[in-house]
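Asker: This is the structure, below, for whatever I ask next.
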Amino acid sequence: MIQVLEQGRTFHLITAHTSMILHAMPSGHLMSLYWGSRVEGDSFSYIVRDMKKASYLCGTDGINDFRLEQYPVLYPSWGNPDLRMPAVQFCYEDGSVMTDLRFKGYRVYRGKETLPGLPAVISREAECLELTLGDSISNLEIRLTYGVFERYDAITGSVMAANRGEKAVTVERLMSGCFSFPDDRYELMTLTGAWGRECHVNRQEIRQGRFAVESTRGAGGHGQNPFLALAEPGADEDRGNIWSMNLVYSGSFEGSVEVDMHQNTRMMMGIQPFGFSWLLEKGEKFASPEVVMVHSGEGMGAMSRIYHCLYRECLMGRNYQGGPGKYRPVLFNNWEATYFDFNRDRLLELADQAAALGVECFVLDDGWFGNRDSADRSLGDWTENRNKLGGSLAGLAEAVRKRGMEFGLWFEPEMVSPDSRLFRSHPDWAIQVKGRPKQLARNQLVLDLSREEVQDYIVESVDRVLREAPITYVKWDMNRNITDWGSGHLAAGRQKELGHRYILGLYRILERLTGMHPDVLFEGCAGGGGRFDPGMLYYMPQIWASDDTDAAERLAIQHGTACVYPPVSMGCHVSACPNHIVGRETPLFTRGVVAMEGNLGYELDLTAMEEKDKDEVKRQIGFYKDIREIVQKGRYYRLKHDGDQRAWMYVSEKGDRAVVSFVQILAKANTVPKRLRLKGLEREAFYRAEQVMEAGEEAGTPGIRDVCLLRGSSLMNIGLGLNRPSGDFQAQQWVMYREG
């Protein structure tokens, strides 16, 4: 809901539990007055009037006692007496960089749509507020658009810059979201890491100065995710205020928090300004990607559930949203079983084993095309290798389907190998700087997706493969970031547009392919979780969380990823031991429990497994099929993430079932097992708790042991009894049934 107050000068954006209040001062400067738990009222301009000013830059704007840099300016521009980091900066033909934006008007309408060439959170129910600002000298216009998702407790923000003047202007900085707070006592929360340990939660106290989470890699990258949050001191999983931003974008980004000398805090997020510019000719417009803004007054857990519900229902693809036959399939991927060393007989041997265990989709990974028997050749040549496959790809897919499984396929369409037909035909299609030697990474170069002919080639190549074979799943990989920043397609003055044009080209490709093949489940991958962001989720409602499939490592990776992104978006596999990356041995039961936090899959040599392990895999798959509606559509609660203990649970949409998982990482000597307190249950209802057992263990019912019948209040305050660990990396799992 949007309330327009005080003769069109104050705007109250209201969701179920939050308020955001914006105000246009008599001077025309827009202010961010409040963002937090929901408030009521018909006048809020007193917030500005009550602000006590310090003694610096007094009397600016020709107004006595006016100090712009001490006000919470909503969308600050460079060159004004607000000397903090601006949200927007332009460069004019005469070299000047000052822009003075003043409020010109507003519009309120219903129905949140997509942005030009960009993914976005959409809903017919959402109400939108447009605020227009203008610079009277340059005739530049800025339109701020806020989407209010009342039922979801979320607000989105985006920016459109329009050149209404006679001369060209260059956009050098255009943040998607900016908000100021009249305090400096916060902790900054980000998701950081590296390849193989993505999305670890990082929390630090902020001080005066500027703090940033950012990427200049052409993608979000494994080290930084386009998310940041401010938490009040003491805020935890279930209590306290959290303010967060998440950018719906897959390229280089910047999120920053600045604490000024007057103890105010400014929070911003948008396209990375470093290495970026965009030339706006007369009459042209430029749209920023969208930022999603979520406030929670009940800690990180409530914040996560807001993002999960919003993204599941308003962002993630036009497919696999739930309902009969639309749950994410249990996958088998051949990569860690064979790498490049396979033929038709070997693949079908694995398919026989997978089908017998209950797998629903067999995925053929790298090595099926061109002369791709190693990582140094054939990327870009998306033509099946019939000698290696023992016939056509369609024939192999049909053979898999006859075994009762769907067929999936790996691509890496954004890259090209120098040793390929594509590169030999079009060497200029690779991103490169003319006159400089090309720098290979992973024996490959990046295709210049700013070029329409390159986009069209990728669409035509992938579409042809998907039309010729019955493929229902695509793993879309991207295994290196951009270097050699240069494009033979762009003029000298537009070279800094390459990064954003690349992402726009990628989005155009994905828009076309997902539209052509709406029944194909696309899974994103960037060397694991290097591009796990809302922009990719719009097209690819499942993303490979990390190349590191070790169960212990995955606990932190999946915990951090699920802080923002729905567990239904996480690809999670059981792999062989010792683990191929860290060399660790973990029990098969534990590997299954951890992989069930998201979408279950397997990536190991099934033909080399002992029969007892096959029995356990079959039990895991059968159990997951029974609970996956709860995992993929239910409410997610983190129960423990401290020391050597991790626990989480899901509660079904109807609240009648729940799944609880617990992992003890390292065993400790001479300790007494504690109890695990649950969340999200009905206090007065009775629940039957059944503990899940490994295949082969003695139990009243195969795979299940009855535990107890307790009220929800007891389970949430007293909890379930935990077993004494019998070794490292031990897991326990329960299913809860509401009685009556």
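Here, A, B, ... name the chains of the structure tokens in the order displayed, residue numbers run from 1 inside each chain, and ligands are numbered from 1 in the same displayed order.
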Can you tell me, as a PyMOL selection string, what residues are no more than 6 Å from region 539-553 of chain A when counting only C-alpha atoms, ignoring any on the same chain fewer than 5 positions away?

Answerer: chain A and resi 196+316-317+522-525+528-529+569-571+579+591

Asker: Could you give me, as a PDB file with N, CA, C and O atoms, in the first residue's frame, the residues within 8 Å of region 640-652 of chain A, counting only C-alpha atoms and dropping anything in the same chain fewer than 2 positions from it?

Answerer:
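To be explicit, this is the file written out as result.pdb:
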ATOM      1  N   LEU A 555      27.841 -27.518   4.547  1.00  0.00           N
ATOM      2  CA  LEU A 555      27.006 -27.004   5.631  1.00  0.00           C
ATOM      3  C   LEU A 555      27.084 -25.477   5.692  1.00  0.00           C
ATOM      4  O   LEU A 555      26.060 -24.794   5.785  1.00  0.00           O
ATOM      5  N   GLU A 629       8.245 -31.947  -1.304  1.00  0.00           N
ATOM      6  CA  GLU A 629       7.282 -30.851  -1.332  1.00  0.00           C
ATOM      7  C   GLU A 629       7.509 -29.916  -0.145  1.00  0.00           C
ATOM      8  O   GLU A 629       7.396 -28.693  -0.266  1.00  0.00           O
ATOM      9  N   ILE A 630       7.855 -30.498   1.009  1.00  0.00           N
ATOM     10  CA  ILE A 630       8.122 -29.682   2.199  1.00  0.00           C
ATOM     11  C   ILE A 630       9.408 -28.884   1.997  1.00  0.00           C
ATOM     12  O   ILE A 630       9.479 -27.690   2.297  1.00  0.00           O
ATOM     13  N   VAL A 631      10.452 -29.540   1.475  1.00  0.00           N
ATOM     14  CA  VAL A 631      11.743 -28.878   1.272  1.00  0.00           C
ATOM     15  C   VAL A 631      11.632 -27.786   0.215  1.00  0.00           C
ATOM     16  O   VAL A 631      12.149 -26.670   0.388  1.00  0.00           O
ATOM     17  N   LYS A 633       8.908 -26.235  -1.070  1.00  0.00           N
ATOM     18  CA  LYS A 633       7.862 -25.211  -0.980  1.00  0.00           C
ATOM     19  C   LYS A 633       7.579 -24.756   0.445  1.00  0.00           C
ATOM     20  O   LYS A 633       6.782 -23.836   0.661  1.00  0.00           O
ATOM     21  N   GLY A 634       8.219 -25.376   1.443  1.00  0.00           N
ATOM     22  CA  GLY A 634       7.904 -25.071   2.828  1.00  0.00           C
ATOM     23  C   GLY A 634       8.693 -23.896   3.387  1.00  0.00           C
ATOM     24  O   GLY A 634       9.508 -23.268   2.710  1.00  0.00           O
ATOM     25  N   ARG A 635       8.448 -23.607   4.655  1.00  0.00           N
ATOM     26  CA  ARG A 635       9.149 -22.537   5.375  1.00  0.00           C
ATOM     27  C   ARG A 635      10.425 -23.103   5.991  1.00  0.00           C
ATOM     28  O   ARG A 635      10.415 -24.165   6.598  1.00  0.00           O
ATOM     29  N   TYR A 636      11.505 -22.351   5.866  1.00  0.00           N
ATOM     30  CA  TYR A 636      12.839 -22.806   6.258  1.00  0.00           C
ATOM     31  C   TYR A 636      13.252 -22.124   7.553  1.00  0.00           C
ATOM     32  O   TYR A 636      13.126 -20.897   7.699  1.00  0.00           O
ATOM     33  N   TYR A 637      13.753 -22.912   8.507  1.00  0.00           N
ATOM     34  CA  TYR A 637      14.207 -22.381   9.789  1.00  0.00           C
ATOM     35  C   TYR A 637      15.609 -22.908  10.090  1.00  0.00           C
ATOM     36  O   TYR A 637      15.850 -24.110  10.024  1.00  0.00           O
ATOM     37  N   ARG A 638      16.504 -22.005  10.434  1.00  0.00           N
ATOM     38  CA  ARG A 638      17.815 -22.415  10.925  1.00  0.00           C
ATOM     39  C   ARG A 638      17.713 -22.615  12.431  1.00  0.00           C
ATOM     40  O   ARG A 638      17.260 -21.718  13.161  1.00  0.00           O
ATOM     41  N   LYS A 654       1.024 -26.188   4.727  1.00  0.00           N
ATOM     42  CA  LYS A 654      -0.160 -26.364   5.567  1.00  0.00           C
ATOM     43  C   LYS A 654       0.186 -26.481   7.045  1.00  0.00           C
ATOM     44  O   LYS A 654      -0.708 -26.461   7.893  1.00  0.00           O
ATOM     45  N   GLY A 655       1.460 -26.635   7.353  1.00  0.00           N
ATOM     46  CA  GLY A 655       1.876 -26.771   8.733  1.00  0.00           C
ATOM     47  C   GLY A 655       1.651 -28.149   9.323  1.00  0.00           C
ATOM     48  O   GLY A 655       1.820 -28.343  10.530  1.00  0.00           O
ATOM     49  N   ASP A 656       1.293 -29.136   8.488  1.00  0.00           N
ATOM     50  CA  ASP A 656       0.966 -30.466   9.010  1.00  0.00           C
ATOM     51  C   ASP A 656       2.162 -31.413   9.057  1.00  0.00           C
ATOM     52  O   ASP A 656       2.089 -32.469   9.690  1.00  0.00           O
ATOM     53  N   ARG A 657       3.269 -31.046   8.408  1.00  0.00           N
ATOM     54  CA  ARG A 657       4.468 -31.884   8.422  1.00  0.00           C
ATOM     55  C   ARG A 657       5.699 -30.997   8.546  1.00  0.00           C
ATOM     56  O   ARG A 657       5.696 -29.835   8.155  1.00  0.00           O
ATOM     57  N   ALA A 658       6.751 -31.582   9.063  1.00  0.00           N
ATOM     58  CA  ALA A 658       8.028 -30.872   9.160  1.00  0.00           C
ATOM     59  C   ALA A 658       9.154 -31.885   9.008  1.00  0.00           C
ATOM     60  O   ALA A 658       8.992 -33.075   9.319  1.00  0.00           O
ATOM     61  N   VAL A 659      10.291 -31.420   8.535  1.00  0.00           N
ATOM     62  CA  VAL A 659      11.493 -32.239   8.409  1.00  0.00           C
ATOM     63  C   VAL A 659      12.606 -31.536   9.175  1.00  0.00           C
ATOM     64  O   VAL A 659      12.856 -30.346   8.966  1.00  0.00           O
ATOM     65  N   VAL A 660      13.258 -32.264  10.066  1.00  0.00           N
ATOM     66  CA  VAL A 660      14.301 -31.705  10.923  1.00  0.00           C
ATOM     67  C   VAL A 660      15.611 -32.446  10.652  1.00  0.00           C
ATOM     68  O   VAL A 660      15.636 -33.683  10.614  1.00  0.00           O
ATOM     69  N   SER A 661      16.707 -31.691  10.467  1.00  0.00           N
ATOM     70  CA  SER A 661      18.014 -32.291  10.194  1.00  0.00           C
ATOM     71  C   SER A 661      19.054 -31.703  11.142  1.00  0.00           C
ATOM     72  O   SER A 661      19.040 -30.502  11.417  1.00  0.00           O
ATOM     73  N   PHE A 662      19.953 -32.561  11.598  1.00  0.00           N
ATOM     74  CA  PHE A 662      21.000 -32.155  12.542  1.00  0.00           C
ATOM     75  C   PHE A 662      22.299 -32.840  12.156  1.00  0.00           C
ATOM     76  O   PHE A 662      22.308 -34.035  11.816  1.00  0.00           O
ATOM     77  N   VAL A 663      23.416 -32.104  12.214  1.00  0.00           N
ATOM     78  CA  VAL A 663      24.738 -32.672  11.936  1.00  0.00           C
ATOM     79  C   VAL A 663      25.699 -32.247  13.039  1.00  0.00           C
ATOM     80  O   VAL A 663      25.816 -31.054  13.359  1.00  0.00           O
ATOM     81  N   GLN A 664      26.381 -33.228  13.623  1.00  0.00           N
ATOM     82  CA  GLN A 664      27.489 -32.978  14.555  1.00  0.00           C
ATOM     83  C   GLN A 664      28.764 -33.126  13.744  1.00  0.00           C
ATOM     84  O   GLN A 664      29.072 -34.207  13.225  1.00  0.00           O
ATOM     85  N   ILE A 665      29.531 -32.033  13.615  1.00  0.00           N
ATOM     86  CA  ILE A 665      30.705 -32.079  12.745  1.00  0.00           C
ATOM     87  C   ILE A 665      31.813 -32.907  13.380  1.00  0.00           C
ATOM     88  O   ILE A 665      32.240 -33.923  12.830  1.00  0.00           O
ATOM     89  N   LEU A 666      32.308 -32.507  14.536  1.00  0.00           N
ATOM     90  CA  LEU A 666      33.346 -33.258  15.224  1.00  0.00           C
ATOM     91  C   LEU A 666      32.824 -33.741  16.570  1.00  0.00           C
ATOM     92  O   LEU A 666      32.184 -32.981  17.310  1.00  0.00           O
ATOM     93  N   LEU A 678      12.996 -26.807  18.355  1.00  0.00           N
ATOM     94  CA  LEU A 678      12.461 -26.601  17.006  1.00  0.00           C
ATOM     95  C   LEU A 678      11.797 -25.230  16.891  1.00  0.00           C
ATOM     96  O   LEU A 678      11.682 -24.490  17.866  1.00  0.00           O
ATOM     97  N   LYS A 679      11.351 -24.892  15.678  1.00  0.00           N
ATOM     98  CA  LYS A 679      10.705 -23.608  15.403  1.00  0.00           C
ATOM     99  C   LYS A 679       9.545 -23.816  14.433  1.00  0.00           C
ATOM    100  O   LYS A 679       9.461 -24.837  13.745  1.00  0.00           O
ATOM    101  N   GLY A 680       8.675 -22.826  14.379  1.00  0.00           N
ATOM    102  CA  GLY A 680       7.641 -22.781  13.348  1.00  0.00           C
ATOM    103  C   GLY A 680       6.477 -23.728  13.516  1.00  0.00           C
ATOM    104  O   GLY A 680       5.671 -23.880  12.586  1.00  0.00           O
ATOM    105  N   LEU A 681       6.340 -24.373  14.691  1.00  0.00           N
ATOM    106  CA  LEU A 681       5.235 -25.305  14.914  1.00  0.00           C
ATOM    107  C   LEU A 681       4.072 -24.596  15.615  1.00  0.00           C
ATOM    108  O   LEU A 681       4.222 -23.495  16.153  1.00  0.00           O
TER     109      LEU A 681
END

Asker: Grab the CA of Ala469 (chain A) to CA of Leu364 (chain A) distance for me, in Å with one decimal place.

Answerer: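 Taking CA of Ala469 (chain A) and CA of Leu364 (chain A), their separation equals 12.7 Å.
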
Asker: Write out as an MDAnalysis selection string each polymer residue whose atoms come within 12 Å of region 587-589 of chain A, counting only C-alpha atoms; drop sequence neighbours fewer than 4 positions from it.

Answerer: chainID A and resid 550:552 573:579 593:596 602 604 609:610 612:621 661:665 692:697 703 726:733

Asker: As number ranges by chain, please: all residues of region 422-617 of chain A that backbone DSSP puts in helix (DSSP H, G or I).

Answerer: A: 422-425, 427-429, 452-468, 492-516, 534-539, 551-561, 567-569, 588-595, 606-608, 611-617

Asker: What lies within 8 Å of Asn139 (chain A) using only C-alpha atoms, ignoring chain neighbours under 2 positions off, as a count of residues only?

Answerer: 8

Asker: Would you work out the distance separating CA of Ala126 (chain A) from CA of Ile21 (chain A), expressed in Å to one decimal?

Answerer: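 A separation of 17.2 Å between them.
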
Asker: List the spatial neighbours of region 147-151 of chain A as a PyMOL selection string - criterion: any atom at most 6 Å away, only C-alpha atoms, same-chain residues fewer than 6 positions off excluded.

Answerer: chain A and resi 15-16+126-128

Asker: With all heavy atoms retained, export the selected residues as a compact mmCIF listing (two decimals), in the first residue's frame.

Answerer:
# COMPACT_ATOMS: atom_id res chain seq x y z
N THR A 15 4.06 -2.24 3.91
CA THR A 15 3.85 -3.67 3.70
C THR A 15 3.17 -4.24 4.95
O THR A 15 2.80 -3.48 5.85
CB THR A 15 5.17 -4.41 3.44
OG1 THR A 15 5.93 -4.47 4.66
CG2 THR A 15 6.00 -3.69 2.37
N ALA A 16 3.03 -5.54 5.01
CA ALA A 16 2.31 -6.14 6.14
C ALA A 16 2.92 -5.76 7.48
O ALA A 16 2.20 -5.52 8.45
CB ALA A 16 2.29 -7.66 5.98
N ALA A 126 1.36 -5.90 -6.79
CA ALA A 126 2.23 -4.88 -6.22
C ALA A 126 1.80 -3.48 -6.66
O ALA A 126 1.34 -3.26 -7.78
CB ALA A 126 3.67 -5.13 -6.63
N GLU A 127 1.97 -2.53 -5.75
CA GLU A 127 1.70 -1.14 -6.05
C GLU A 127 3.03 -0.43 -6.22
O GLU A 127 3.99 -0.73 -5.50
CB GLU A 127 0.89 -0.51 -4.92
CG GLU A 127 0.16 0.75 -5.32
CD GLU A 127 -0.83 1.23 -4.27
OE1 GLU A 127 -0.84 0.64 -3.17
OE2 GLU A 127 -1.57 2.18 -4.53
N CYS A 128 3.11 0.51 -7.17
CA CYS A 128 4.37 1.16 -7.49
C CYS A 128 4.28 2.66 -7.32
O CYS A 128 3.25 3.29 -7.61
CB CYS A 128 4.78 0.84 -8.93
SG CYS A 128 5.12 -0.91 -9.22

Asker: Do a neighbour search on Glu739 (chain A) at 10 Å with only C-alpha atoms, toss out local chain neighbours closer than 2 positions, and write the hits as an mmCIF file with N, CA and C atoms, in the first residue's frame.

Answerer:
data_model
loop_
_atom_site.group_PDB
_atom_site.id
_atom_site.type_symbol
_atom_site.label_atom_id
_atom_site.label_comp_id
_atom_site.auth_asym_id
_atom_site.auth_seq_id
_atom_site.Cartn_x
_atom_site.Cartn_y
_atom_site.Cartn_z
ATOM 1 N N ASP A 656 1.293 -29.136 8.488
ATOM 2 C CA ASP A 656 0.966 -30.466 9.010
ATOM 3 C C ASP A 656 2.162 -31.413 9.057
ATOM 4 N N ARG A 657 3.269 -31.046 8.408
ATOM 5 C CA ARG A 657 4.468 -31.884 8.422
ATOM 6 C C ARG A 657 5.699 -30.997 8.546
ATOM 7 N N ALA A 685 -0.722 -27.764 19.154
ATOM 8 C CA ALA A 685 -0.897 -29.007 18.398
ATOM 9 C C ALA A 685 0.067 -30.088 18.887
ATOM 10 N N PHE A 686 -0.377 -31.367 18.750
ATOM 11 C CA PHE A 686 0.495 -32.503 19.033
ATOM 12 C C PHE A 686 1.205 -32.929 17.747
ATOM 13 N N TYR A 687 2.476 -33.311 17.890
ATOM 14 C CA TYR A 687 3.262 -33.771 16.751
ATOM 15 C C TYR A 687 3.882 -35.125 17.070
ATOM 16 N N ARG A 688 3.789 -36.016 16.096
ATOM 17 C CA ARG A 688 4.464 -37.313 16.204
ATOM 18 C C ARG A 688 5.818 -37.190 15.520
ATOM 19 N N LEU A 709 5.498 -38.390 20.957
ATOM 20 C CA LEU A 709 4.336 -37.574 20.632
ATOM 21 C C LEU A 709 4.328 -36.419 21.624
ATOM 22 N N LEU A 710 4.569 -35.199 21.140
ATOM 23 C CA LEU A 710 4.707 -34.039 22.011
ATOM 24 C C LEU A 710 3.971 -32.838 21.426
ATOM 25 N N ARG A 711 3.603 -31.907 22.306
ATOM 26 C CA ARG A 711 3.008 -30.656 21.851
ATOM 27 C C ARG A 711 4.066 -29.778 21.176
ATOM 28 N N MET A 736 8.175 -34.836 11.268
ATOM 29 C CA MET A 736 7.168 -34.493 12.258
ATOM 30 C C MET A 736 5.797 -34.495 11.588
ATOM 31 N N TYR A 737 4.826 -35.134 12.239
ATOM 32 C CA TYR A 737 3.454 -35.168 11.727
ATOM 33 C C TYR A 737 2.521 -34.527 12.754
#
